[in-house]
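Asks: Below are the structure tokens for one structure; questions will follow.
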Amino acid sequence: MLELRDVCFQVNEDAKDKEILKNINLKLDDRFVAITGPNGGGKSTLARVIAGIVKPTSGKILLDGVDITDYSITERAKAGISFAFQQPVRFKGLTVKDLITLASGKDISVTEACAYLSEVGLCAKDYIDREVNASLSGGELKRIEIAMIIARGTKLSIFDEPEAGIDLWSFQNLIQVFENMHEKINGSILIISHQERILNIADRIVLIADGEVRKVGTREEVLPELLGTSQACSTLMDKIAK
Amino acid sequence: MDSIEKNLLAEIADIHEVPEGAYNIRSNGKLEGRNTTANIDIVTKEDKPGIDIIIKPGTVHESVHIPVVLSESGLKDMVYNDFYIGEGADVTIVAGCGIHNCGDQTSEHDGIHTFYIEKDAKVRYIEKHYGEGDGKGERILNPTTVVHIAEGGYMEMETVQIKGVSSTIRNTKADLKDGASLVIREKIMTHGTQTAETNFTVDLDGVDSSTNVVSRSVAKEQSKQVFNSHINGNNQCYGHTECDAIIMDEGKVEAVPSLSANNIDASLIHEAAIGKIAGDQLIKLMTLGLTEKEAEEQIVNGFLK
């Protein structure tokens, strides 16, 4: 279980302190949690705080009761947290096989690596030896990013807007990937998303706006209200249009 | 040959036992072993140190290994090797030099390799440079490669220097006739106080001649590198040169790609990018459980692979 206690994050902008996250308190032990809310509301920062990429100004983060607030990125990864970037990183020279092998933490066979690629709908033989460089499209990189998370198989997997930068056609396939993952994964998934279809498969939805938790509940509790507001609709439409 | 020399051979030419096909092994300035085949002859030069490698027209699927090893401290070795690649041949040539210097004097090997590639011949040329030994003596390698490619000929040159060479000046000059093509891939890593200078000049003289000169390098610690690459487009031709470098610690890299278009149908491109390892690359690998140092190693190894 992931627990956030009074997590705050401030930055100094134009000589003024700006609060990005304000006293976030959350206990997440569901299998599939979606965090949603307007752009600039603090969702990605929250994900980065959990993965250890940014340090909270104050507050505590606990994973299965262990205080991991002072853990480095590496220590958190080893403690069982995986993080899929919103914008996957490109590497000149490292291949898809290299990254999946590093993600799995052991020497794996080509067949095993290919199995992870197949799970995200990539034809493995076309990709396994390719460099993770600018020759891959945004959608392909996104899938490889997700395959790495599946290969890690940790108890908590965080996805930061997996739909961002993906065309609608690819998105249809991506939803299936998450639906499958929902069924199969042993640990829990925390996914930042604006997509109704992703929110629809979530066991719990957290609404974050202006750096605060506005609402937490089951999809039956949160979704009708969320989709009824013009703000949510316009956000969704914005995202789809991207 | 002792174990030091055998180790050098393994590093530079991937040779563990006697290589297959034609070979000429030079150790501490002397001939250590030679083998010729029906199609590939190797002849010692009479006017100066070095050998002529003569490959008959139409020779295919054969290879030549010509490694050089130096394990005596203070030895200065210089050779002139000429390669004559007959029309339509398709061969692999593996050269390279390994220096083991555990003394205080400078060990140096300067090789001047000249290639005469005849019509429609194809050559894959692999050159590895490596240095080791804990002596204070410098390990210097200054290779010069001159390439003449006739009509429709092709050469792919892979040049690698990953470890242990104190200083190097690498000069490569090429001229290409109609339809000839040259691909150069250079990989260099320097560390400590090493210096490396690379100079490429390619003359695209023939119609539809083309070249691609690509360098990837990593400069660590206080090492310094200079990359000069110049393509002359003298006809309807295509040329591309690219330098991609990672700097670490106090490493310095200077990249000077340049182009001269001397014909209206010359199409030439140069690119150069130098920078430290991107922060998000390190973070990504750390989220997979690697430490920062391990992440750095993976990125550098992949980059130079």
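The way I read the labels, and the way they are meant: chains A, B, ... in the order of the structure tokens, residue 1 as the first residue of every chain, and ligand 1 as the first ligand shown, with later ones counted on from there.
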Please run DSSP on the backbone and report, as a list in words, all residues within range 1-67 of chain B that come out as alpha helix (DSSP H).

Replies: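 Here is the list: Ser3, Ile4, Glu5, Lys6, Asn7, Leu8, Leu9, Ala10, Glu11, Ile12 and Ala13 of chain B.
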
Asks: Kindly save the residues from that selection, with N, CA and C atoms included, as a JSON list (two decimals), in the first residue's frame.

Replies:
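The resulting part07.json:
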[["chain", "number", "residue", "atom", "x", "y", "z"],
["B", 3, "SER", "N", 51.88, -14.30, -23.09],
["B", 3, "SER", "CA", 50.46, -14.10, -22.79],
["B", 3, "SER", "C", 50.05, -12.63, -22.96],
["B", 4, "ILE", "N", 50.99, -11.70, -22.71],
["B", 4, "ILE", "CA", 50.67, -10.27, -22.89],
["B", 4, "ILE", "C", 50.33, -10.01, -24.35],
["B", 5, "GLU", "N", 51.18, -10.54, -25.22],
["B", 5, "GLU", "CA", 50.96, -10.32, -26.64],
["B", 5, "GLU", "C", 49.68, -11.00, -27.13],
["B", 6, "LYS", "N", 49.43, -12.20, -26.59],
["B", 6, "LYS", "CA", 48.20, -12.90, -26.97],
["B", 6, "LYS", "C", 46.96, -12.10, -26.55],
["B", 7, "ASN", "N", 47.06, -11.51, -25.36],
["B", 7, "ASN", "CA", 45.95, -10.70, -24.85],
["B", 7, "ASN", "C", 45.71, -9.48, -25.73],
["B", 8, "LEU", "N", 46.81, -8.84, -26.15],
["B", 8, "LEU", "CA", 46.69, -7.68, -27.04],
["B", 8, "LEU", "C", 46.00, -8.08, -28.35],
["B", 9, "LEU", "N", 46.40, -9.25, -28.86],
["B", 9, "LEU", "CA", 45.81, -9.74, -30.10],
["B", 9, "LEU", "C", 44.31, -9.96, -29.96],
["B", 10, "ALA", "N", 43.92, -10.51, -28.81],
["B", 10, "ALA", "CA", 42.50, -10.76, -28.57],
["B", 10, "ALA", "C", 41.74, -9.43, -28.51],
["B", 11, "GLU", "N", 42.36, -8.42, -27.89],
["B", 11, "GLU", "CA", 41.70, -7.12, -27.76],
["B", 11, "GLU", "C", 41.50, -6.44, -29.12],
["B", 12, "ILE", "N", 42.52, -6.47, -29.95],
["B", 12, "ILE", "CA", 42.44, -5.67, -31.17],
["B", 12, "ILE", "C", 41.87, -6.42, -32.36],
["B", 13, "ALA", "N", 42.05, -7.72, -32.38],
["B", 13, "ALA", "CA", 41.62, -8.43, -33.58],
["B", 13, "ALA", "C", 40.70, -9.60, -33.29]]

Asks: Can you work out which residues from chain A touch chain B at a cut-off of 12 Å (counting only C-alpha atoms) and hand them back as a PDB file with C-alpha atoms, in the first residue's frame?

Replies:
ATOM      1  CA  ARG A  48       7.473  12.278  -9.702  1.00  0.00           C
ATOM      2  CA  ILE A  50       6.330   9.116  -5.487  1.00  0.00           C
ATOM      3  CA  ALA A  51       9.070   7.871  -7.851  1.00  0.00           C
ATOM      4  CA  GLY A  52      11.661   9.951  -5.994  1.00  0.00           C
ATOM      5  CA  ILE A  53      12.552  12.198  -8.929  1.00  0.00           C
ATOM      6  CA  VAL A  54      11.564  15.289  -6.974  1.00  0.00           C
ATOM      7  CA  TYR A  71      14.975   6.977  -0.535  1.00  0.00           C
ATOM      8  CA  SER A  72      16.765   7.848  -3.775  1.00  0.00           C
ATOM      9  CA  ILE A  73      15.238   7.039  -7.182  1.00  0.00           C
ATOM     10  CA  THR A  74      17.297   3.826  -7.314  1.00  0.00           C
ATOM     11  CA  GLU A  75      16.284   2.774  -3.801  1.00  0.00           C
ATOM     12  CA  ARG A  76      12.623   3.347  -4.574  1.00  0.00           C
ATOM     13  CA  ALA A  77      12.942   1.357  -7.790  1.00  0.00           C
ATOM     14  CA  LYS A  78      14.457  -1.488  -5.779  1.00  0.00           C
ATOM     15  CA  ALA A  79      11.739  -1.139  -3.135  1.00  0.00           C
ATOM     16  CA  GLY A  80       9.181  -1.898  -5.852  1.00  0.00           C
ATOM     17  CA  ILE A  81       8.181   1.287  -7.635  1.00  0.00           C
ATOM     18  CA  SER A  82       8.164   1.589 -11.427  1.00  0.00           C
ATOM     19  CA  PHE A  83       7.545   4.782 -13.318  1.00  0.00           C
ATOM     20  CA  ALA A  84       6.568   5.198 -16.969  1.00  0.00           C
ATOM     21  CA  PHE A  85       7.434   8.669 -18.199  1.00  0.00           C
ATOM     22  CA  GLN A  86       4.931  10.865 -19.959  1.00  0.00           C
ATOM     23  CA  GLN A  87       7.602  11.544 -22.549  1.00  0.00           C
ATOM     24  CA  PRO A  88       9.735   8.433 -22.951  1.00  0.00           C
ATOM     25  CA  VAL A  89      13.471   9.000 -23.104  1.00  0.00           C
ATOM     26  CA  ARG A  90      15.492   8.209 -26.230  1.00  0.00           C
ATOM     27  CA  PHE A  91      18.896   6.572 -26.061  1.00  0.00           C
ATOM     28  CA  LYS A  92      21.421   6.548 -28.863  1.00  0.00           C
ATOM     29  CA  GLY A  93      22.891   3.072 -29.002  1.00  0.00           C
ATOM     30  CA  LEU A  94      20.734   1.258 -26.450  1.00  0.00           C
ATOM     31  CA  THR A  95      18.332  -1.192 -28.075  1.00  0.00           C
ATOM     32  CA  VAL A  96      14.828  -2.218 -27.080  1.00  0.00           C
ATOM     33  CA  LYS A  97      16.310  -5.539 -25.904  1.00  0.00           C
ATOM     34  CA  ASP A  98      18.894  -3.691 -23.764  1.00  0.00           C
ATOM     35  CA  LEU A  99      16.237  -1.612 -22.018  1.00  0.00           C
ATOM     36  CA  ILE A 100      13.871  -4.517 -21.426  1.00  0.00           C
ATOM     37  CA  THR A 101      16.761  -6.569 -20.062  1.00  0.00           C
ATOM     38  CA  LEU A 102      17.751  -3.741 -17.697  1.00  0.00           C
ATOM     39  CA  ALA A 103      14.121  -3.361 -16.646  1.00  0.00           C
ATOM     40  CA  SER A 104      13.747  -7.048 -15.864  1.00  0.00           C
ATOM     41  CA  GLY A 105      16.906  -6.858 -13.727  1.00  0.00           C
ATOM     42  CA  LYS A 106      18.371 -10.087 -15.090  1.00  0.00           C
ATOM     43  CA  GLU A 131      17.832   1.453 -31.082  1.00  0.00           C
ATOM     44  CA  VAL A 132      15.564   3.462 -28.820  1.00  0.00           C
ATOM     45  CA  ASN A 133      16.320   6.625 -30.761  1.00  0.00           C
ATOM     46  CA  GLU A 145       8.039   2.282 -22.053  1.00  0.00           C
ATOM     47  CA  MET A 148       9.598  -2.052 -19.561  1.00  0.00           C
ATOM     48  CA  ILE A 149       7.169  -1.542 -16.683  1.00  0.00           C
ATOM     49  CA  ILE A 150       5.589  -4.951 -17.337  1.00  0.00           C
ATOM     50  CA  ALA A 151       9.075  -6.503 -17.446  1.00  0.00           C
ATOM     51  CA  ARG A 152       9.870  -4.998 -14.049  1.00  0.00           C
ATOM     52  CA  GLY A 153       6.711  -6.468 -12.518  1.00  0.00           C
ATOM     53  CA  THR A 154       6.988  -4.431  -9.319  1.00  0.00           C
ATOM     54  CA  SER A 157       3.560   0.759 -11.347  1.00  0.00           C
ATOM     55  CA  ILE A 158       3.000   4.434 -12.068  1.00  0.00           C
TER      56      ILE A 158
END

Asks: For the strand (DSSP E or B) assignment from backbone DSSP, which residues of range 55-201 of chain A qualify? Please present them as a compact mmCIF listing (two decimals) with C-alpha atoms, in the first residue's frame.

Replies:
# COMPACT_ATOMS: atom_id res chain seq x y z
CA SER A 58 7.53 18.36 3.56
CA GLY A 59 5.46 15.30 4.34
CA LYS A 60 6.01 11.56 4.28
CA ILE A 61 5.69 8.77 1.74
CA LEU A 62 5.22 5.20 2.92
CA LEU A 63 5.26 2.01 0.90
CA VAL A 66 8.04 1.66 5.30
CA ASP A 67 8.99 5.33 5.21
CA ILE A 81 8.18 1.29 -7.64
CA SER A 82 8.16 1.59 -11.43
CA PHE A 83 7.54 4.78 -13.32
CA ALA A 84 6.57 5.20 -16.97
CA THR A 95 18.33 -1.19 -28.08
CA GLU A 131 17.83 1.45 -31.08
CA LEU A 156 3.56 -0.45 -7.74
CA SER A 157 3.56 0.76 -11.35
CA ILE A 158 3.00 4.43 -12.07
CA PHE A 159 2.05 5.66 -15.54
CA ASP A 160 2.11 9.35 -16.30
CA SER A 188 -1.10 -2.19 -8.21
CA ILE A 189 -1.28 0.40 -10.96
CA LEU A 190 -1.37 4.13 -10.48
CA ILE A 191 -2.21 5.89 -13.69
CA ILE A 192 -2.48 9.56 -14.44

Asks: Report as a PyMOL selection string all protein, DNA and RNA residues lying within 9 Å of Val110 in chain A, evaluated on only C-alpha atoms, omitting residues in the same chain fewer than 4 positions from it.

Replies: chain A and resi 97+114-115+128

Asks: Calculate how many Å separate CA of Tyr84 in chain B from CA of Asp120 in chain B, rounding to one decimal.

Replies: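 Computing the Euclidean distance for CA of Tyr84 in chain B and CA of Asp120 in chain B yields 13.2 Å.
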
Asks: Skipping near chain neighbours, those fewer than 5 positions away, what residues fall within 8 Å of range 252-263 of chain B using only C-alpha atoms, listed as a list in words?

Replies: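 Counting only C-alpha atoms, the residues come to Ala219, Gln222, Ser223, Lys224, Gln225, Val226, Phe227, Asn228, Ser229, His230, Ile231, Asn232, Gly233, Asn234, Asn235, Gln236, Thr241, Glu242, Cys243, Ala245, Ile247, Leu268, Ile269, His270, Glu271, Ala272 and Ile274 of chain B.
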
Asks: Please, could you write that set of residues out with C-alpha atoms as a PDB file, in the first residue's frame?

Replies:
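The result, stored in selection20.pdb:
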ATOM      1  CA  ALA B 219      35.697  12.187 -23.426  1.00  0.00           C
ATOM      2  CA  GLN B 222      40.687  15.468 -18.270  1.00  0.00           C
ATOM      3  CA  SER B 223      40.958  14.047 -21.766  1.00  0.00           C
ATOM      4  CA  LYS B 224      40.683  16.114 -24.926  1.00  0.00           C
ATOM      5  CA  GLN B 225      39.451  15.314 -28.410  1.00  0.00           C
ATOM      6  CA  VAL B 226      39.402  17.167 -31.690  1.00  0.00           C
ATOM      7  CA  PHE B 227      37.278  15.999 -34.604  1.00  0.00           C
ATOM      8  CA  ASN B 228      37.882  17.519 -38.040  1.00  0.00           C
ATOM      9  CA  SER B 229      35.925  16.252 -40.969  1.00  0.00           C
ATOM     10  CA  HIS B 230      35.899  17.770 -44.400  1.00  0.00           C
ATOM     11  CA  ILE B 231      33.958  16.659 -47.454  1.00  0.00           C
ATOM     12  CA  ASN B 232      34.627  18.106 -50.893  1.00  0.00           C
ATOM     13  CA  GLY B 233      31.724  17.677 -53.276  1.00  0.00           C
ATOM     14  CA  ASN B 234      33.355  17.960 -56.691  1.00  0.00           C
ATOM     15  CA  ASN B 235      30.604  16.379 -58.745  1.00  0.00           C
ATOM     16  CA  GLN B 236      26.997  15.272 -58.502  1.00  0.00           C
ATOM     17  CA  THR B 241      29.274  13.859 -41.777  1.00  0.00           C
ATOM     18  CA  GLU B 242      28.213  13.653 -38.195  1.00  0.00           C
ATOM     19  CA  CYS B 243      29.965  13.938 -34.853  1.00  0.00           C
ATOM     20  CA  ALA B 245      30.084  13.336 -28.472  1.00  0.00           C
ATOM     21  CA  ILE B 247      31.576  14.842 -22.384  1.00  0.00           C
ATOM     22  CA  LEU B 268      26.298  17.800 -48.489  1.00  0.00           C
ATOM     23  CA  ILE B 269      25.209  17.740 -44.857  1.00  0.00           C
ATOM     24  CA  HIS B 270      27.089  18.085 -41.609  1.00  0.00           C
ATOM     25  CA  GLU B 271      25.915  17.648 -38.047  1.00  0.00           C
ATOM     26  CA  ALA B 272      27.624  17.864 -34.703  1.00  0.00           C
ATOM     27  CA  ILE B 274      28.254  17.597 -27.979  1.00  0.00           C
TER      28      ILE B 274
END

Asks: So which one's closest to Glu186 in chain B, B:Tyr125, B:Phe83, B:Tyr154, B:Tyr238? Using only C-alpha atoms, please.

Replies: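 Ranking B:Tyr125, B:Phe83, B:Tyr154, B:Tyr238 by distance to Glu186 in chain B, first place goes to B:Tyr125.
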
Asks: Pick the closest to Ile85 in chain B from B:Gly153, B:Gly137, B:Gly111, B:Gly21: which is it, counting only C-alpha atoms?

Replies: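 Looking at the shortest contact to Ile85 in chain B, the residue is B:Gly153.
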
Asks: Need to verify the contact set: Ala202 in chain A, 9 Å, only C-alpha atoms, exclusion of same-chain residues closer than 6 positions in sequence. Can you return it as a list of chain:residue names?

Replies: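 Answer for this query is A:Asp30, A:Arg31, A:Phe32, A:Val33, A:Ala34, A:His182, A:Ile191, A:Thr218, A:Arg219.
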
Asks: Could you name the residues that touch Lys18 in chain A at 12 Å or less, counting only C-alpha atoms, but leaving out those on the same chain fewer than 6 positions away, as a list in words?

Replies: Cys8, Phe9, Gln10, Val11, Asn12, Gly42, Thr57, Asp210 and Gly211 of chain A

Asks: Give me, please, the distance in Å between CA of Cys102 in chain B and CA of Ser73 in chain B, quoted to one decimal.

Replies: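 According to the coordinates, CA of Cys102 in chain B and CA of Ser73 in chain B are separated by 6.6 Å.
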
Asks: Can you pull out the residues contacting range 120-126 of chain A? Cut-off 10 Å, using only C-alpha atoms, and skip same-chain residues under 3 positions away; I want them as number ranges by chain.

Replies: A: 96-97, 110-111, 113-117, 129-130, 140, 142-148, 150, 170, 173-174, 176-178, 180-181

Asks: Can you write just those residues out, N, CA and C atoms, as a PDB file, in the first residue's frame?

Replies:
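Writing done, so here's result_4.pdb:
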ATOM      1  N   VAL A  96      16.028  -1.827 -27.812  1.00  0.00           N
ATOM      2  CA  VAL A  96      14.828  -2.218 -27.080  1.00  0.00           C
ATOM      3  C   VAL A  96      15.151  -3.406 -26.170  1.00  0.00           C
ATOM      4  N   LYS A  97      15.925  -4.360 -26.708  1.00  0.00           N
ATOM      5  CA  LYS A  97      16.310  -5.539 -25.904  1.00  0.00           C
ATOM      6  C   LYS A  97      17.129  -5.102 -24.684  1.00  0.00           C
ATOM      7  N   VAL A 110      15.968 -13.599 -25.721  1.00  0.00           N
ATOM      8  CA  VAL A 110      15.257 -12.796 -26.725  1.00  0.00           C
ATOM      9  C   VAL A 110      13.770 -13.157 -26.694  1.00  0.00           C
ATOM     10  N   THR A 111      13.488 -14.441 -26.525  1.00  0.00           N
ATOM     11  CA  THR A 111      12.089 -14.894 -26.491  1.00  0.00           C
ATOM     12  C   THR A 111      11.323 -14.212 -25.351  1.00  0.00           C
ATOM     13  N   ALA A 113      12.102 -11.366 -23.836  1.00  0.00           N
ATOM     14  CA  ALA A 113      11.978  -9.936 -24.123  1.00  0.00           C
ATOM     15  C   ALA A 113      10.869  -9.701 -25.144  1.00  0.00           C
ATOM     16  N   CYS A 114      10.802 -10.596 -26.123  1.00  0.00           N
ATOM     17  CA  CYS A 114       9.781 -10.466 -27.163  1.00  0.00           C
ATOM     18  C   CYS A 114       8.380 -10.618 -26.572  1.00  0.00           C
ATOM     19  N   ALA A 115       8.252 -11.481 -25.575  1.00  0.00           N
ATOM     20  CA  ALA A 115       6.943 -11.697 -24.965  1.00  0.00           C
ATOM     21  C   ALA A 115       6.410 -10.395 -24.365  1.00  0.00           C
ATOM     22  N   TYR A 116       7.316  -9.611 -23.753  1.00  0.00           N
ATOM     23  CA  TYR A 116       6.868  -8.331 -23.173  1.00  0.00           C
ATOM     24  C   TYR A 116       6.420  -7.369 -24.266  1.00  0.00           C
ATOM     25  N   LEU A 117       7.115  -7.392 -25.390  1.00  0.00           N
ATOM     26  CA  LEU A 117       6.740  -6.500 -26.493  1.00  0.00           C
ATOM     27  C   LEU A 117       5.391  -6.898 -27.083  1.00  0.00           C
ATOM     28  N   ASP A 129      15.767  -5.463 -31.806  1.00  0.00           N
ATOM     29  CA  ASP A 129      17.141  -4.997 -31.993  1.00  0.00           C
ATOM     30  C   ASP A 129      17.236  -3.521 -32.381  1.00  0.00           C
ATOM     31  N   ARG A 130      16.092  -2.848 -32.368  1.00  0.00           N
ATOM     32  CA  ARG A 130      16.156  -1.444 -32.780  1.00  0.00           C
ATOM     33  C   ARG A 130      16.668  -0.553 -31.668  1.00  0.00           C
ATOM     34  N   GLU A 140       5.250   4.227 -30.570  1.00  0.00           N
ATOM     35  CA  GLU A 140       6.128   3.061 -30.375  1.00  0.00           C
ATOM     36  C   GLU A 140       6.916   3.198 -29.076  1.00  0.00           C
ATOM     37  N   LYS A 142       6.096   4.884 -26.467  1.00  0.00           N
ATOM     38  CA  LYS A 142       5.163   4.727 -25.351  1.00  0.00           C
ATOM     39  C   LYS A 142       4.958   3.249 -25.013  1.00  0.00           C
ATOM     40  N   ARG A 143       4.794   2.452 -26.052  1.00  0.00           N
ATOM     41  CA  ARG A 143       4.580   1.021 -25.846  1.00  0.00           C
ATOM     42  C   ARG A 143       5.810   0.350 -25.253  1.00  0.00           C
ATOM     43  N   ILE A 144       6.976   0.759 -25.744  1.00  0.00           N
ATOM     44  CA  ILE A 144       8.214   0.184 -25.211  1.00  0.00           C
ATOM     45  C   ILE A 144       8.360   0.570 -23.731  1.00  0.00           C
ATOM     46  N   GLU A 145       8.001   1.796 -23.437  1.00  0.00           N
ATOM     47  CA  GLU A 145       8.039   2.282 -22.053  1.00  0.00           C
ATOM     48  C   GLU A 145       7.144   1.395 -21.167  1.00  0.00           C
ATOM     49  N   ILE A 146       5.966   1.081 -21.697  1.00  0.00           N
ATOM     50  CA  ILE A 146       5.023   0.263 -20.920  1.00  0.00           C
ATOM     51  C   ILE A 146       5.541  -1.181 -20.803  1.00  0.00           C
ATOM     52  N   ALA A 147       6.148  -1.686 -21.897  1.00  0.00           N
ATOM     53  CA  ALA A 147       6.715  -3.041 -21.856  1.00  0.00           C
ATOM     54  C   ALA A 147       7.791  -3.141 -20.773  1.00  0.00           C
ATOM     55  N   MET A 148       8.565  -2.054 -20.600  1.00  0.00           N
ATOM     56  CA  MET A 148       9.598  -2.052 -19.561  1.00  0.00           C
ATOM     57  C   MET A 148       8.979  -2.169 -18.167  1.00  0.00           C
ATOM     58  N   ILE A 150       6.091  -3.571 -17.486  1.00  0.00           N
ATOM     59  CA  ILE A 150       5.589  -4.951 -17.337  1.00  0.00           C
ATOM     60  C   ILE A 150       6.756  -5.888 -17.016  1.00  0.00           C
ATOM     61  N   SER A 170      -3.890   4.463 -32.290  1.00  0.00           N
ATOM     62  CA  SER A 170      -3.001   3.727 -31.384  1.00  0.00           C
ATOM     63  C   SER A 170      -3.606   3.661 -29.992  1.00  0.00           C
ATOM     64  N   ASN A 173      -5.718   0.695 -29.115  1.00  0.00           N
ATOM     65  CA  ASN A 173      -4.943  -0.502 -28.765  1.00  0.00           C
ATOM     66  C   ASN A 173      -4.363  -0.400 -27.360  1.00  0.00           C
ATOM     67  N   LEU A 174      -3.989   0.813 -27.016  1.00  0.00           N
ATOM     68  CA  LEU A 174      -3.365   1.028 -25.712  1.00  0.00           C
ATOM     69  C   LEU A 174      -4.341   0.731 -24.568  1.00  0.00           C
ATOM     70  N   GLN A 176      -6.591  -1.436 -24.587  1.00  0.00           N
ATOM     71  CA  GLN A 176      -6.619  -2.897 -24.421  1.00  0.00           C
ATOM     72  C   GLN A 176      -5.444  -3.372 -23.582  1.00  0.00           C
ATOM     73  N   VAL A 177      -4.295  -2.753 -23.810  1.00  0.00           N
ATOM     74  CA  VAL A 177      -3.107  -3.116 -23.040  1.00  0.00           C
ATOM     75  C   VAL A 177      -3.381  -2.913 -21.551  1.00  0.00           C
ATOM     76  N   PHE A 178      -3.975  -1.782 -21.231  1.00  0.00           N
ATOM     77  CA  PHE A 178      -4.245  -1.512 -19.817  1.00  0.00           C
ATOM     78  C   PHE A 178      -5.343  -2.413 -19.265  1.00  0.00           C
ATOM     79  N   ASN A 180      -5.862  -5.452 -20.201  1.00  0.00           N
ATOM     80  CA  ASN A 180      -5.194  -6.745 -19.953  1.00  0.00           C
ATOM     81  C   ASN A 180      -4.349  -6.690 -18.699  1.00  0.00           C
ATOM     82  N   MET A 181      -3.647  -5.563 -18.567  1.00  0.00           N
ATOM     83  CA  MET A 181      -2.750  -5.422 -17.425  1.00  0.00           C
ATOM     84  C   MET A 181      -3.553  -5.444 -16.130  1.00  0.00           C
TER      85      MET A 181
END
